[in-house]
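Undergrad: Just one file: query-v3.txt, with compact mmCIF, C-alpha atoms and all ligand atoms.
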```
# COMPACT_ATOMS: atom_id res chain seq x y z
CA MET A 1 0.00 0.00 0.00
CA ALA A 2 2.76 2.44 1.01
CA ALA A 3 4.44 1.99 -2.38
CA SER A 4 1.34 3.27 -4.13
CA THR A 5 0.69 6.32 -1.99
CA ASP A 6 2.48 9.57 -1.21
CA PHE A 7 3.83 9.48 2.36
CA LEU A 8 2.92 13.11 3.13
CA THR A 9 -0.56 13.54 1.71
CA GLY A 10 -1.81 9.95 1.52
CA ILE A 11 -3.02 10.26 -2.08
CA TYR A 12 -1.61 8.20 -4.97
CA ASN A 13 2.02 8.66 -5.93
CA ARG A 14 3.26 9.15 -9.48
CA ARG A 15 3.86 5.46 -10.14
CA GLN A 16 0.39 4.41 -9.03
CA PHE A 17 -1.13 7.30 -10.94
CA SER A 18 0.50 6.08 -14.17
CA GLU A 19 -0.88 2.57 -13.65
CA LEU A 20 -4.40 3.71 -12.86
CA ALA A 21 -4.35 6.25 -15.68
CA GLU A 22 -3.34 3.60 -18.23
CA THR A 23 -6.29 1.47 -17.12
CA GLU A 24 -8.71 4.40 -17.34
CA ILE A 25 -7.37 5.41 -20.76
CA ASP A 26 -7.86 1.85 -22.05
CA ARG A 27 -11.39 1.76 -20.68
CA SER A 28 -12.23 5.14 -22.13
CA THR A 29 -10.81 4.26 -25.57
CA ARG A 30 -12.61 0.91 -25.63
CA TYR A 31 -16.02 2.24 -24.58
CA GLY A 32 -15.79 5.63 -26.25
CA THR A 33 -16.29 7.53 -23.00
CA PRO A 34 -14.68 10.94 -22.47
CA LEU A 35 -11.78 11.48 -20.11
CA THR A 36 -9.76 14.57 -19.23
CA LEU A 37 -6.60 15.23 -17.22
CA LEU A 38 -5.87 18.20 -14.97
CA ILE A 39 -2.44 19.22 -13.70
CA PHE A 40 -2.09 21.47 -10.65
CA ASP A 41 1.08 23.38 -9.85
CA LEU A 42 1.18 25.37 -6.61
CA ASP A 43 2.31 28.94 -7.25
CA LEU A 44 5.48 30.31 -5.66
CA PHE A 45 5.67 27.41 -3.26
CA LYS A 46 9.36 28.03 -2.67
CA GLU A 47 8.43 31.42 -1.16
CA ILE A 48 5.99 29.72 1.24
CA ASN A 49 8.75 27.37 2.41
CA ASP A 50 11.23 30.23 2.71
CA LYS A 51 8.84 32.48 4.62
CA TYR A 52 7.06 30.02 6.94
CA GLY A 53 9.41 27.04 7.05
CA HIS A 54 9.38 23.57 5.53
CA ALA A 55 7.06 22.12 8.21
CA ALA A 56 4.44 24.74 7.40
CA GLY A 57 5.00 24.00 3.69
CA ASP A 58 4.22 20.36 4.42
CA GLU A 59 1.00 21.37 6.20
CA VAL A 60 0.04 23.53 3.21
CA LEU A 61 0.46 20.52 0.90
CA LYS A 62 -1.77 18.42 3.17
CA GLU A 63 -4.42 21.13 3.46
CA PHE A 64 -4.35 21.66 -0.31
CA VAL A 65 -5.05 17.96 -0.84
CA GLU A 66 -7.89 17.89 1.71
CA ARG A 67 -9.55 20.87 0.06
CA ILE A 68 -9.26 19.49 -3.47
CA LYS A 69 -10.71 16.16 -2.29
CA THR A 70 -13.94 17.96 -1.40
CA CYS A 71 -14.39 18.73 -5.11
CA LEU A 72 -13.95 15.15 -6.36
CA ARG A 73 -16.09 12.14 -7.17
CA PRO A 74 -15.16 8.70 -5.79
CA TYR A 75 -13.79 7.46 -9.13
CA ASP A 76 -11.64 10.51 -9.92
CA VAL A 77 -7.92 9.69 -9.67
CA PHE A 78 -5.95 12.29 -7.69
CA ALA A 79 -2.18 11.98 -7.26
CA ARG A 80 0.93 13.85 -6.18
CA ILE A 81 3.24 13.58 -9.18
CA GLY A 82 5.98 15.97 -8.03
CA GLY A 83 6.96 18.10 -5.02
CA GLU A 84 4.23 20.70 -5.55
CA GLU A 85 2.62 19.20 -8.63
CA PHE A 86 -0.58 17.17 -8.67
CA ALA A 87 -2.56 15.35 -11.35
CA LEU A 88 -6.27 14.66 -11.47
CA LEU A 89 -7.76 12.23 -13.95
CA LEU A 90 -11.46 12.69 -14.58
CA PRO A 91 -13.19 9.66 -16.12
CA ASN A 92 -16.48 10.27 -17.94
CA THR A 93 -15.65 13.96 -18.22
CA ASP A 94 -15.00 16.02 -21.35
CA ALA A 95 -12.79 19.12 -21.35
CA THR A 96 -15.75 21.49 -20.95
CA ASN A 97 -16.93 19.73 -17.80
CA ALA A 98 -13.33 19.38 -16.62
CA LYS A 99 -13.01 23.16 -16.73
CA GLY A 100 -16.00 23.29 -14.41
CA VAL A 101 -14.20 20.94 -12.00
CA ALA A 102 -11.02 23.05 -12.31
CA ASN A 103 -12.97 26.18 -11.44
CA ARG A 104 -14.50 24.47 -8.41
CA CYS A 105 -11.00 23.52 -7.30
CA LEU A 106 -9.74 27.08 -7.78
CA LYS A 107 -12.56 28.36 -5.56
CA VAL A 108 -11.47 26.22 -2.59
CA ILE A 109 -7.82 27.35 -2.87
CA ASN A 110 -7.27 30.72 -4.53
CA GLY A 111 -8.46 33.65 -2.43
CA GLN A 112 -8.81 31.44 0.68
CA VAL A 113 -6.61 31.70 3.75
CA LEU A 114 -5.02 28.44 4.94
CA SER A 115 -4.22 28.13 8.64
CA CYS A 116 -1.06 26.04 8.84
CA ASN A 117 1.30 25.76 11.84
CA GLY A 118 -0.14 28.94 13.33
CA HIS A 119 0.33 30.96 10.13
CA ASN A 120 -2.36 32.36 7.87
CA ILE A 121 -1.12 31.51 4.40
CA ASN A 122 -2.40 32.66 1.03
CA LEU A 123 -1.90 29.83 -1.43
CA THR A 124 -2.76 29.91 -5.12
CA THR A 125 -2.63 27.11 -7.64
CA SER A 126 -2.44 27.13 -11.41
CA ILE A 127 -4.30 24.42 -13.33
CA GLY A 128 -3.81 23.03 -16.82
CA VAL A 129 -6.73 21.15 -18.42
CA SER A 130 -5.92 18.67 -21.20
CA LYS A 131 -7.96 18.16 -24.35
CA THR A 132 -10.63 15.48 -24.05
CA ILE A 133 -9.20 12.06 -24.86
CA HIS A 134 -9.43 10.88 -28.50
CA GLU A 135 -8.54 7.65 -30.38
CA THR A 136 -4.79 8.27 -30.51
CA SER A 137 -4.39 9.76 -27.02
CA THR A 138 -1.84 8.28 -24.62
CA LEU A 139 -1.04 9.19 -21.04
CA ASP A 140 1.96 11.14 -22.31
CA SER A 141 -0.07 13.10 -24.86
CA LEU A 142 -2.66 14.00 -22.19
CA LEU A 143 0.13 15.12 -19.84
CA VAL A 144 1.67 17.26 -22.60
CA SER A 145 -1.70 18.80 -23.45
CA ALA A 146 -2.44 19.63 -19.78
CA ASP A 147 1.11 20.95 -19.33
CA GLN A 148 0.78 23.34 -22.27
CA ASN A 149 -2.33 24.85 -20.71
CA LEU A 150 -0.69 24.92 -17.28
CA TYR A 151 2.13 26.93 -18.83
CA LYS A 152 -0.43 29.41 -20.23
CA ALA A 153 -2.11 29.64 -16.82
CA LYS A 154 1.25 30.38 -15.17
CA LYS A 155 2.05 33.05 -17.74
CA TRP A 156 -1.30 34.66 -17.17
CA ALA A 157 -0.74 34.67 -13.40
CA GLU A 158 2.59 36.40 -13.90
CA ILE A 159 1.38 39.25 -16.13
CA LYS A 160 -1.82 39.96 -14.17
N1 LIG A 201 7.54 21.79 2.39
C1 LIG A 201 7.75 21.05 1.29
N2 LIG A 201 8.27 21.66 0.21
C2 LIG A 201 8.47 20.90 -0.90
C3 LIG A 201 8.17 19.53 -0.94
N3 LIG A 201 8.49 19.07 -2.17
C4 LIG A 201 8.96 20.12 -2.89
N4 LIG A 201 8.95 21.24 -2.13
C5 LIG A 201 9.40 22.59 -2.50
O1 LIG A 201 8.63 23.12 -3.54
C6 LIG A 201 9.39 24.21 -4.11
C7 LIG A 201 9.16 24.25 -5.59
O2 LIG A 201 9.83 25.35 -6.07
P1 LIG A 201 9.80 25.79 -7.60
O3 LIG A 201 9.91 24.56 -8.46
O4 LIG A 201 10.80 26.87 -7.74
O5 LIG A 201 8.34 26.31 -7.86
P2 LIG A 201 7.51 27.52 -7.22
O6 LIG A 201 8.26 28.25 -6.15
O7 LIG A 201 6.18 26.95 -6.82
O8 LIG A 201 7.35 28.50 -8.45
P3 LIG A 201 6.29 28.42 -9.66
O9 LIG A 201 5.93 26.95 -9.87
O10 LIG A 201 7.02 28.98 -10.83
O11 LIG A 201 5.10 29.22 -9.26
C8 LIG A 201 10.84 23.98 -3.72
O12 LIG A 201 11.23 25.00 -2.80
C9 LIG A 201 10.83 22.62 -3.01
O13 LIG A 201 11.75 22.56 -1.95
C10 LIG A 201 7.67 18.92 0.26
O14 LIG A 201 7.37 17.72 0.34
N5 LIG A 201 7.46 19.73 1.34
```
For the file at hand, write its structure as structure tokens.
Ligand SMILES: Nc1nc2c(ncn2[C@@H]2O[C@H](COP(=O)(O)OP(=O)(O)OP(=O)(O)O)[C@@H](O)[C@H]2O)c(=O)[nH]1

TA:
Amino acid sequence: MAASTDFLTGIYNRRQFSELAETEIDRSTRYGTPLTLLIFDLDLFKEINDKYGHAAGDEVLKEFVERIKTCLRPYDVFARIGGEEFALLLPNTDATNAKGVANRCLKVINGQVLSCNGHNINLTTSIGVSKTIHETSTLDSLLVSADQNLYKAKKWAEIK
């Protein structure tokens, strides 16, 4: 069990995410059901660590995960795929509906104050939404598609 989950947040780790995602992509391709991938990247997380300390940074990661979980359905696949990077696979969801999920997730993070280790911390996340799966999609192509939109979201956050 431990090998499939992230020790800090308890959600799936990158390896388990890849396995589950491959299964969902196969299912979706076989039955012609939509599927969309979201990537989350916490903004300026290094600054949070530098300002409040690594232990508070850890609490922020845990609180982030708990808040995002409130936006999910039981069969959505949520994973920590990097230090401050998360992936969310949404079965039976096209890109339009996935944007709705992404906006719900933004509402529980951006503009909210997180109380972590006695500090009130303003956290924001950027989200990239992939294209809806199609016949030739692979996990890699969905990750690339979500990453391109994440990059645009980050750019937008910088110039605002
Ligand atoms: N507290 C804590 N910090 C972590 C963990 N894993 C990664 N980090 C930190 O996350 C930070 C990521 O920094 P960057 O990659 O520069 O990204 P960023 O500061 O979020 O900047 P942008 O992504 O460009 O908005 C680094 O300071 C890492 O040390 C962890 O498990 N706990």

Undergrad: Got a sec: who's within 10 Å of Leu44 (chain A), counting only C-alpha atoms, leaving out chain neighbours fewer than 3 positions off, as a VMD selection string?

TA: chain A and resid 41 47 to 49 84 123 to 125

Undergrad: Considering only C-alpha atoms and all ligand atoms, can you say which of A:Arg30, A:Arg104, A:Arg15, A:Arg80 comes closest to ligand LIG 201 (chain A)?

TA: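 Among the listed residues, the smallest separation from ligand LIG 201 (chain A) belongs to A:Arg80.
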
Undergrad: Got a sec: who's within 12 Å of Leu72 (chain A), counting all atoms listed in the file, leaving out chain neighbours fewer than 5 positions off, as an MDAnalysis selection string?

TA: chainID A and resid 65:67 77:78 88:91 98 100:102 104:105 108

Undergrad: Counting only C-alpha atoms and all ligand atoms, which residues of chain A fall within 10 Å of ligand LIG 201 (chain A), and what is the closest atom pair for each with its distance in Å at one decimal, ordered by chain and rising number, as a Markdown table?

TA:
```
| residue | atom | partner | partner_atom | distance |
| --- | --- | --- | --- | --- |
| A:Asp6 | CA | A:LIG201 | O14 | 9.6 |
| A:Phe7 | CA | A:LIG201 | O14 | 9.2 |
| A:Leu8 | CA | A:LIG201 | O14 | 7.0 |
| A:Thr9 | CA | A:LIG201 | O14 | 9.1 |
| A:Phe40 | CA | A:LIG201 | O9 | 9.7 |
| A:Asp41 | CA | A:LIG201 | O9 | 6.0 |
| A:Leu42 | CA | A:LIG201 | O7 | 5.2 |
| A:Asp43 | CA | A:LIG201 | O11 | 3.5 |
| A:Leu44 | CA | A:LIG201 | O6 | 3.5 |
| A:Phe45 | CA | A:LIG201 | O7 | 3.6 |
| A:Lys46 | CA | A:LIG201 | O12 | 3.6 |
| A:Glu47 | CA | A:LIG201 | O6 | 5.9 |
| A:Ile48 | CA | A:LIG201 | O6 | 7.9 |
| A:Asn49 | CA | A:LIG201 | N1 | 5.7 |
| A:Asp50 | CA | A:LIG201 | O12 | 7.6 |
| A:Tyr52 | CA | A:LIG201 | N1 | 9.4 |
| A:Gly53 | CA | A:LIG201 | N1 | 7.3 |
| A:His54 | CA | A:LIG201 | N1 | 4.1 |
| A:Ala55 | CA | A:LIG201 | N1 | 5.8 |
| A:Ala56 | CA | A:LIG201 | N1 | 6.6 |
| A:Gly57 | CA | A:LIG201 | N1 | 3.6 |
| A:Asp58 | CA | A:LIG201 | N1 | 4.1 |
| A:Glu59 | CA | A:LIG201 | N1 | 7.6 |
| A:Val60 | CA | A:LIG201 | N1 | 7.7 |
| A:Leu61 | CA | A:LIG201 | N5 | 7.1 |
| A:Lys62 | CA | A:LIG201 | N5 | 9.5 |
| A:Arg80 | CA | A:LIG201 | O14 | 9.9 |
| A:Gly82 | CA | A:LIG201 | N3 | 7.1 |
| A:Gly83 | CA | A:LIG201 | N3 | 3.4 |
| A:Glu84 | CA | A:LIG201 | O1 | 5.4 |
| A:Glu85 | CA | A:LIG201 | O9 | 8.5 |
| A:Thr124 | CA | A:LIG201 | O11 | 8.9 |
| A:Thr125 | CA | A:LIG201 | O11 | 8.2 |
| A:Ser126 | CA | A:LIG201 | O11 | 8.1 |
| A:Tyr151 | CA | A:LIG201 | O10 | 9.6 |
| A:Lys154 | CA | A:LIG201 | O11 | 7.1 |
| A:Lys155 | CA | A:LIG201 | O10 | 9.4 |
| A:Ala157 | CA | A:LIG201 | O11 | 9.0 |
| A:Glu158 | CA | A:LIG201 | O11 | 8.9 |
```

Undergrad: Give the answer as one residue: which of A:Asp76, A:Asp26, A:Asp94, A:Glu63 has the shortest atom-to-atom distance to Thr138 (chain A), using only C-alpha atoms?

TA: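 Looking only at the distances to Thr138 (chain A), the closest residue turns out to be A:Asp26.
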
Undergrad: So which residues fall inside 6 Å of (-1.7, 4.4, -20.3) if we count all atoms listed in the file? Mind giving them as a list in words?

TA: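 The answer, in the requested form, is Ala21, Glu22, Ile25, Thr138 and Leu139 of chain A.
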
Undergrad: Which residue, A:Leu37, A:Cys116, A:Ile11, A:Ala79, has the smallest gap to Asn92 (chain A) when you use all atoms listed in the file?

TA: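 Ranking A:Leu37, A:Cys116, A:Ile11, A:Ala79 by distance to Asn92 (chain A), first place goes to A:Leu37.
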
Undergrad: Could you check how far CA of Ser115 (chain A) sits from CA of Cys71 (chain A), in Å to one decimal?

TA: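 These two atoms are separated by 19.5 Å.
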
Undergrad: CA of Thr93 (chain A) to CA of Thr132 (chain A): how many Å, to one decimal?

TA: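 Interatomic distance, CA of Thr93 (chain A) to CA of Thr132 (chain A): 7.8 Å.
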
Undergrad: For each of A:Phe64, A:Thr96, A:Ile39, A:Phe86, take the minimum atom-to-atom distance to Asn13 (chain A), counting only C-alpha atoms, then give the residue where this is smallest.

TA: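 Of A:Phe64, A:Thr96, A:Ile39, A:Phe86, the one nearest Asn13 (chain A) is A:Phe86, counting only C-alpha atoms.
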
Undergrad: Rounded to one decimal in Å, what is the spacing between CA of Ser18 (chain A) and CA of Leu143 (chain A)?

TA: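 CA of Leu143 (chain A) lies 10.7 Å from CA of Ser18 (chain A).
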
Undergrad: Quick one: of A:Ala3, A:Leu20, A:Leu35, A:Val129, who's nearest to Asn103 (chain A), counting only C-alpha atoms?

TA: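 Once distances to Asn103 (chain A) are computed over only C-alpha atoms, the minimum belongs to A:Val129.
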
Undergrad: Complete region 25-45 of chain A at the level of N, CA and C atoms, written as a CSV table (one decimal), in the frame of the given file.

TA:
```csv
chain,number,residue,atom,x,y,z
A,25,ILE,N,-7.5,5.0,-19.3
A,25,ILE,CA,-7.4,5.4,-20.8
A,25,ILE,C,-7.8,4.3,-21.6
A,26,ASP,N,-7.4,3.0,-21.3
A,26,ASP,CA,-7.9,1.8,-22.0
A,26,ASP,C,-9.4,1.7,-22.0
A,27,ARG,N,-9.9,1.9,-20.8
A,27,ARG,CA,-11.4,1.8,-20.7
A,27,ARG,C,-12.1,2.8,-21.5
A,28,SER,N,-11.6,4.0,-21.4
A,28,SER,CA,-12.2,5.1,-22.1
A,28,SER,C,-12.2,5.0,-23.6
A,29,THR,N,-11.0,4.5,-24.1
A,29,THR,CA,-10.8,4.3,-25.6
A,29,THR,C,-11.7,3.1,-26.0
A,30,ARG,N,-11.8,2.1,-25.2
A,30,ARG,CA,-12.6,0.9,-25.6
A,30,ARG,C,-14.1,1.2,-25.7
A,31,TYR,N,-14.6,2.0,-24.7
A,31,TYR,CA,-16.0,2.2,-24.6
A,31,TYR,C,-16.4,3.6,-25.1
A,32,GLY,N,-15.5,4.3,-25.6
A,32,GLY,CA,-15.8,5.6,-26.2
A,32,GLY,C,-16.3,6.7,-25.3
A,33,THR,N,-15.9,6.5,-24.0
A,33,THR,CA,-16.3,7.5,-23.0
A,33,THR,C,-15.2,8.6,-22.9
A,34,PRO,N,-15.7,9.9,-22.6
A,34,PRO,CA,-14.7,10.9,-22.5
A,34,PRO,C,-13.8,10.8,-21.2
A,35,LEU,N,-12.7,11.5,-21.3
A,35,LEU,CA,-11.8,11.5,-20.1
A,35,LEU,C,-10.9,12.7,-20.3
A,36,THR,N,-10.6,13.4,-19.2
A,36,THR,CA,-9.8,14.6,-19.2
A,36,THR,C,-8.8,14.6,-18.0
A,37,LEU,N,-7.6,15.2,-18.3
A,37,LEU,CA,-6.6,15.2,-17.2
A,37,LEU,C,-6.4,16.7,-16.8
A,38,LEU,N,-6.2,16.9,-15.5
A,38,LEU,CA,-5.9,18.2,-15.0
A,38,LEU,C,-4.5,18.1,-14.3
A,39,ILE,N,-3.7,19.1,-14.5
A,39,ILE,CA,-2.4,19.2,-13.7
A,39,ILE,C,-2.5,20.5,-12.9
A,40,PHE,N,-2.2,20.3,-11.6
A,40,PHE,CA,-2.1,21.5,-10.6
A,40,PHE,C,-0.6,21.7,-10.3
A,41,ASP,N,-0.3,23.0,-10.3
A,41,ASP,CA,1.1,23.4,-9.8
A,41,ASP,C,0.9,24.5,-8.9
A,42,LEU,N,1.3,24.3,-7.6
A,42,LEU,CA,1.2,25.4,-6.6
A,42,LEU,C,2.1,26.5,-7.0
A,43,ASP,N,1.6,27.8,-6.8
A,43,ASP,CA,2.3,28.9,-7.2
A,43,ASP,C,3.3,29.4,-6.2
A,44,LEU,N,4.5,29.7,-6.6
A,44,LEU,CA,5.5,30.3,-5.7
A,44,LEU,C,5.6,29.5,-4.4
A,45,PHE,N,5.6,28.2,-4.5
A,45,PHE,CA,5.7,27.4,-3.3
A,45,PHE,C,7.0,27.6,-2.5
```
